[in-house]
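Below is query24.cif, holding mmCIF, C-alpha atoms.
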```
data_data
#
loop_
_atom_site.label_atom_id
_atom_site.label_comp_id
_atom_site.auth_asym_id
_atom_site.auth_seq_id
_atom_site.Cartn_x
_atom_site.Cartn_y
_atom_site.Cartn_z
CA MET A 1 14.84 30.35 4.11
CA GLU A 2 14.41 34.04 3.35
CA ASN A 3 14.43 35.06 -0.30
CA ASN A 4 16.87 37.90 0.37
CA GLU A 5 19.34 35.63 2.18
CA ARG A 6 22.86 35.68 0.78
CA LEU A 7 23.47 32.77 -1.59
CA ASP A 8 26.58 31.51 0.22
CA VAL A 9 24.71 31.46 3.54
CA LYS A 10 21.67 29.77 1.99
CA ILE A 11 23.83 27.03 0.45
CA ALA A 12 25.78 26.61 3.70
CA LYS A 13 22.52 25.99 5.57
CA ARG A 14 21.39 23.48 2.94
CA LEU A 15 24.66 21.56 3.05
CA LEU A 16 24.61 21.42 6.83
CA SER A 17 20.94 20.42 7.00
CA ILE A 18 21.46 17.35 4.79
CA LYS A 19 24.91 16.65 6.30
CA ALA A 20 26.67 17.03 2.98
CA VAL A 21 29.13 19.03 5.11
CA PHE A 22 29.39 17.56 8.56
CA PHE A 23 31.54 19.01 11.35
CA ARG A 24 32.97 16.78 14.06
CA PRO A 25 35.85 18.65 15.69
CA GLU A 26 35.64 16.56 18.86
CA GLU A 27 36.11 13.30 16.90
CA PRO A 28 38.14 14.03 13.74
CA PHE A 29 37.79 12.15 10.48
CA THR A 30 40.91 10.76 8.81
CA TRP A 31 41.51 11.57 5.15
CA ALA A 32 43.12 9.10 2.73
CA SER A 33 46.33 11.13 3.08
CA GLY A 34 46.33 10.45 6.82
CA ILE A 35 45.48 14.05 7.74
CA LYS A 36 42.97 14.36 10.54
CA SER A 37 40.07 16.64 9.67
CA PRO A 38 37.19 18.15 11.68
CA VAL A 39 34.97 18.17 8.60
CA TYR A 40 33.51 15.57 6.25
CA CYS A 41 32.18 16.63 2.84
CA ASP A 42 29.92 14.65 0.54
CA ASN A 43 28.21 16.98 -1.90
CA ARG A 44 26.74 14.00 -3.74
CA LEU A 45 24.06 14.09 -1.06
CA THR A 46 22.70 17.26 -2.66
CA LEU A 47 21.54 15.11 -5.57
CA THR A 48 19.26 13.04 -3.34
CA ASP A 49 17.54 16.03 -1.73
CA PRO A 50 15.31 17.89 -4.23
CA GLU A 51 15.36 21.23 -2.39
CA ALA A 52 19.12 21.19 -1.89
CA ARG A 53 19.63 20.04 -5.48
CA SER A 54 17.49 22.89 -6.80
CA ASP A 55 19.35 25.46 -4.71
CA VAL A 56 22.76 24.12 -5.75
CA GLU A 57 22.13 23.76 -9.48
CA ASN A 58 20.31 27.10 -9.81
CA GLY A 59 23.07 28.66 -7.73
CA LEU A 60 25.76 27.26 -10.03
CA ALA A 61 23.82 28.57 -13.03
CA GLU A 62 23.68 32.04 -11.41
CA LEU A 63 27.44 32.00 -10.76
CA ILE A 64 28.19 31.03 -14.34
CA LYS A 65 25.93 33.71 -15.81
CA ALA A 66 27.43 36.36 -13.53
CA ASN A 67 31.10 35.39 -13.86
CA TYR A 68 31.45 33.63 -17.20
CA PRO A 69 28.76 35.01 -19.54
CA GLU A 70 30.79 34.03 -22.61
CA VAL A 71 30.81 30.30 -21.72
CA GLU A 72 30.08 27.85 -24.55
CA VAL A 73 30.50 24.43 -22.89
CA LEU A 74 30.39 23.05 -19.32
CA MET A 75 32.77 20.23 -18.41
CA GLY A 76 32.29 18.25 -15.21
CA THR A 77 35.06 16.64 -13.20
CA SER A 78 34.90 12.87 -12.87
CA THR A 79 32.95 11.65 -11.09
CA ALA A 80 31.55 14.12 -8.59
CA GLY A 81 31.11 17.05 -10.96
CA ILE A 82 29.35 15.17 -13.77
CA ALA A 83 25.77 15.32 -12.47
CA HIS A 84 26.12 18.96 -11.43
CA ALA A 85 27.50 19.90 -14.84
CA ALA A 86 24.66 18.06 -16.58
CA ILE A 87 21.87 19.65 -14.55
CA THR A 88 23.38 23.12 -14.70
CA ALA A 89 23.96 22.81 -18.45
CA HIS A 90 20.28 21.88 -18.82
CA ILE A 91 19.26 25.01 -16.89
CA LEU A 92 21.52 27.20 -19.05
CA ASP A 93 20.73 25.36 -22.30
CA LEU A 94 24.42 24.63 -22.88
CA PRO A 95 26.29 21.55 -24.12
CA MET A 96 28.25 19.59 -21.53
CA GLY A 97 30.72 16.79 -21.18
CA TYR A 98 33.15 15.55 -18.60
CA VAL A 99 36.80 14.77 -18.11
CA ARG A 100 37.91 11.35 -16.90
CA SER A 101 40.58 11.03 -14.23
CA GLY A 102 42.53 9.03 -16.84
CA ALA A 103 42.09 7.99 -20.46
CA LYS A 104 39.99 4.89 -21.21
CA ASP A 105 41.96 1.76 -22.03
CA HIS A 106 39.41 0.67 -24.66
CA GLY A 107 37.32 2.04 -27.52
CA ARG A 108 38.49 5.48 -28.61
CA GLN A 109 40.52 5.83 -25.39
CA ASN A 110 38.95 9.22 -24.69
CA ARG A 111 39.77 11.23 -21.62
CA ILE A 112 37.32 13.99 -22.53
CA GLU A 113 33.78 12.72 -23.06
CA GLY A 114 31.40 14.81 -25.14
CA LYS A 115 31.96 17.06 -28.13
CA LEU A 116 34.64 19.69 -27.61
CA GLU A 117 36.06 21.86 -30.37
CA ALA A 118 39.37 23.68 -30.22
CA GLY A 119 38.94 27.25 -29.06
CA GLN A 120 35.62 26.72 -27.29
CA LYS A 121 35.19 28.60 -24.03
CA VAL A 122 34.79 26.11 -21.19
CA VAL A 123 33.77 26.35 -17.55
CA VAL A 124 34.75 23.40 -15.35
CA VAL A 125 32.14 22.26 -12.82
CA GLU A 126 33.55 20.76 -9.61
CA ASP A 127 31.82 19.77 -6.39
CA LEU A 128 34.60 20.46 -3.88
CA ILE A 129 38.02 22.11 -3.94
CA SER A 130 40.54 21.44 -1.18
CA THR A 131 44.17 21.42 -2.37
CA GLY A 132 43.10 21.89 -5.99
CA GLY A 133 45.13 19.07 -7.52
CA SER A 134 42.35 17.13 -9.24
CA VAL A 135 40.59 20.13 -10.76
CA ILE A 136 43.87 21.53 -12.10
CA GLU A 137 44.47 18.18 -13.86
CA VAL A 138 41.09 18.62 -15.56
CA VAL A 139 41.93 22.19 -16.58
CA ASP A 140 45.26 21.01 -18.01
CA ALA A 141 43.60 18.19 -19.99
CA LEU A 142 41.08 20.61 -21.50
CA ARG A 143 43.77 23.10 -22.42
CA GLU A 144 45.84 20.35 -24.04
CA ALA A 145 42.75 19.52 -26.13
CA GLY A 146 42.63 23.12 -27.35
CA ALA A 147 39.84 24.45 -25.16
CA GLU A 148 39.91 27.90 -23.62
CA VAL A 149 39.20 27.30 -19.95
CA ILE A 150 37.71 30.55 -18.70
CA GLY A 151 37.13 29.38 -15.14
CA ILE A 152 35.81 26.94 -12.57
CA VAL A 153 32.61 26.85 -10.54
CA SER A 154 32.28 24.69 -7.46
CA ILE A 155 29.81 24.04 -4.68
CA PHE A 156 32.25 24.36 -1.80
CA THR A 157 35.87 25.35 -1.30
CA TYR A 158 38.06 25.07 1.77
CA GLY A 159 40.18 28.09 0.79
CA MET A 160 43.36 26.21 1.72
CA GLN A 161 46.51 28.09 0.77
CA LYS A 162 47.84 25.17 -1.25
CA GLY A 163 44.68 25.18 -3.35
CA LEU A 164 44.77 28.95 -3.82
CA ASP A 165 48.43 28.77 -4.88
CA ARG A 166 47.73 26.00 -7.39
CA LEU A 167 44.82 27.88 -8.96
CA ALA A 168 46.97 31.01 -9.23
CA ALA A 169 49.86 29.08 -10.77
CA ALA A 170 47.47 27.56 -13.32
CA ASN A 171 46.06 31.04 -14.03
CA VAL A 172 42.48 29.91 -13.54
CA LYS A 173 39.68 31.50 -11.53
CA ASN A 174 37.35 29.57 -9.23
CA VAL A 175 34.00 30.81 -7.94
CA SER A 176 32.24 28.77 -5.25
CA LEU A 177 28.68 28.79 -3.94
CA THR A 178 30.00 28.78 -0.39
CA ASP A 179 33.22 28.23 1.51
CA PHE A 180 34.69 26.84 4.70
CA ASP A 181 34.58 30.11 6.61
CA VAL A 182 30.91 30.74 5.83
CA ILE A 183 29.87 27.19 6.69
CA ALA A 184 31.83 27.26 9.97
CA LYS A 185 30.14 30.55 10.92
CA VAL A 186 26.66 29.26 10.02
CA ALA A 187 27.34 26.00 11.87
CA SER A 188 28.23 28.00 14.98
CA GLU A 189 25.23 30.32 14.73
CA THR A 190 22.78 27.45 14.25
CA GLY A 191 24.19 25.20 16.97
CA TYR A 192 25.83 22.51 14.83
CA ILE A 193 29.11 23.27 16.60
CA LYS A 194 30.17 25.34 19.59
CA LYS A 195 31.17 28.95 18.97
CA GLU A 196 34.61 28.26 20.42
CA ASP A 197 35.14 25.54 17.79
CA VAL A 198 35.22 28.05 14.91
CA ALA A 199 38.79 29.17 15.67
CA ARG A 200 39.89 25.53 15.77
CA LEU A 201 38.27 24.87 12.41
CA ILE A 202 39.94 27.89 10.82
CA LYS A 203 43.28 26.80 12.29
CA PHE A 204 42.83 23.42 10.58
CA ARG A 205 41.95 25.12 7.28
CA ASN A 206 45.02 27.34 7.45
CA ASP A 207 47.38 24.41 8.01
CA PRO A 208 45.87 20.88 7.77
CA SER A 209 49.20 19.28 8.71
CA ASP A 210 49.21 21.04 12.11
CA GLU A 211 47.11 18.94 14.46
CA SER A 212 47.34 21.30 17.43
CA TRP A 213 43.66 22.24 16.90
CA ILE A 214 42.64 18.78 18.11
CA ILE A 215 41.55 18.62 21.75
CA GLN A 216 43.44 15.83 23.44
CA ASN A 217 41.33 13.89 25.94
#
```

Using the file provided, produce a representation of the structure as structure tokens.
Amino acid sequence: MENNERLDVKIAKRLLSIKAVFFRPEEPFTWASGIKSPVYCDNRLTLTDPEARSDVENGLAELIKANYPEVEVLMGTSTAGIAHAAITAHILDLPMGYVRSGAKDHGRQNRIEGKLEAGQKVVVVEDLISTGGSVIEVVDALREAGAEVIGIVSIFTYGMQKGLDRLAAANVKNVSLTDFDVIAKVASETGYIKKEDVARLIKFRNDPSDESWIIQN
């Protein structure tokens, strides 16, 4: 990969090469919600590939330095964001912790793990944002604990309208390494999918409940 290549394109190529983002418009995946999707995302795979891991974690560190220079603590989402928060915090020499999806039912019954003081400036580290529900819950939990959440960084975002609306309503900014549109374009240019599939993919992104993008055999 060229050194002067745009970061979002570089990350898109990495994710596609290790099949962390895998397009299959001709044979859709089914999400837990029942929605049929042409794309499958598993950014945990970046942790098992040293080159992809290096690109992702250094990329997240770059985004944080550029967008949130005043950050004091990184907080990962549970469970997918924890490792990325830890590695990125190590690169930036920052403290980190993570937020559970629910409070523990034993011990101190913490929901937030790691030291967090009221008023500290926090960036949330997430792997993937689709409709935004889970990451907003994390933001809310941190705010309730007295933290000042200055933003979110993520590896990949779909850019779905529901997610954008939720982030806006929560008054929180997200910056991603790459997004659905970039990955679809790179996938087309590199032969992962057919060029005519890009419009179908964008149609899915714009309205996941509309299945008219699916080719009926």

With 6 Å as the cut-off and only C-alpha atoms counted, what is the closest atom pair between each nearby residue of region 39-133 of chain A and region 148-167 of chain A? Distances in Å to one decimal, ordered by chain and number, as JSON lines.
```
{"residue": "A:Gly119", "atom": "CA", "partner": "A:Glu148", "partner_atom": "CA", "distance": 5.6}
{"residue": "A:Gln120", "atom": "CA", "partner": "A:Glu148", "partner_atom": "CA", "distance": 5.8}
{"residue": "A:Lys121", "atom": "CA", "partner": "A:Glu148", "partner_atom": "CA", "distance": 4.8}
{"residue": "A:Val122", "atom": "CA", "partner": "A:Val149", "partner_atom": "CA", "distance": 4.7}
{"residue": "A:Val123", "atom": "CA", "partner": "A:Gly151", "partner_atom": "CA", "distance": 5.1}
{"residue": "A:Val124", "atom": "CA", "partner": "A:Ile152", "partner_atom": "CA", "distance": 4.6}
{"residue": "A:Val125", "atom": "CA", "partner": "A:Val153", "partner_atom": "CA", "distance": 5.1}
{"residue": "A:Glu126", "atom": "CA", "partner": "A:Ser154", "partner_atom": "CA", "distance": 4.7}
{"residue": "A:Asp127", "atom": "CA", "partner": "A:Ile155", "partner_atom": "CA", "distance": 5.0}
{"residue": "A:Leu128", "atom": "CA", "partner": "A:Phe156", "partner_atom": "CA", "distance": 5.0}
{"residue": "A:Ile129", "atom": "CA", "partner": "A:Thr157", "partner_atom": "CA", "distance": 4.7}
{"residue": "A:Ser130", "atom": "CA", "partner": "A:Tyr158", "partner_atom": "CA", "distance": 5.3}
{"residue": "A:Thr131", "atom": "CA", "partner": "A:Gly163", "partner_atom": "CA", "distance": 3.9}
{"residue": "A:Gly132", "atom": "CA", "partner": "A:Gly163", "partner_atom": "CA", "distance": 4.5}
```

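Excluding Met96 (chain A) itself and any same-chain residue fewer than 3 positions from it, the protein and nucleic acid residues within 7 Å of it, counting only C-alpha atoms, are A:Val73, A:Leu74, A:Met75, A:Ala85, A:Ala86, A:Ala89, A:Gly114.
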
How about saving the chosen residues, C-alpha atoms kept, as a compact mmCIF listing (two decimals), keeping the file's coordinate frame?
```txt
# COMPACT_ATOMS: atom_id res chain seq x y z
CA VAL A 73 30.50 24.43 -22.89
CA LEU A 74 30.39 23.05 -19.32
CA MET A 75 32.77 20.23 -18.41
CA ALA A 85 27.50 19.90 -14.84
CA ALA A 86 24.66 18.06 -16.58
CA ALA A 89 23.96 22.81 -18.45
CA GLY A 114 31.40 14.81 -25.14
```

Polymer residues at most 10 Å from region 52-64 of chain A, all atoms listed in the file, same-chain spacing of 2 or more positions, as an NGL selection string: :A and (7-8 or 10-11 or 13-15 or 17-18 or 20 or 43-50 or 66-71 or 74 or 83-92 or 123 or 125 or 151-155 or 175-177)

Separation of CA of Pro28 (chain A) and CA of Ala80 (chain A), in Å?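 Going from CA of Pro28 (chain A) over to CA of Ala80 (chain A), I get 23.3 Å.
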
In Å to one decimal, how far is CA of Asp181 (chain A) from CA of Ile202 (chain A)? 7.2 Å

Tell me, as a list in words, which residues lie within 12 Å of Ala199 (chain A), counting only C-alpha atoms; anything in the same chain fewer than 4 positions away does not count.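 Non-adjacent residues within range: Pro25, Pro38, Phe180, Asp181, Ala184, Lys185, Ser188, Ile193, Lys194, Lys195, Lys203, Phe204, Arg205, Asn206, Ser212, Trp213 and Ile214 of chain A.
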
Can you work out the spacing between CA of Ile82 (chain A) and CA of Gly97 (chain A) in Å, to one decimal? 7.7 Å

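Evaluated against the shown file, the PyMOL selection byres ((chain A and resi 29) around 7) gives A:Glu27, A:Pro28, A:Thr30, A:Trp31, A:Lys36, A:Ser37, A:Pro38, A:Val39, A:Tyr40.
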
At a cut-off of 9 Å, using only C-alpha atoms, what residues contact Ile136 (chain A)? Leave out same-chain residues fewer than 2 positions from it and give the result as a PyMOL selection string. chain A and resi 132-134+138-141+166-167+170+172
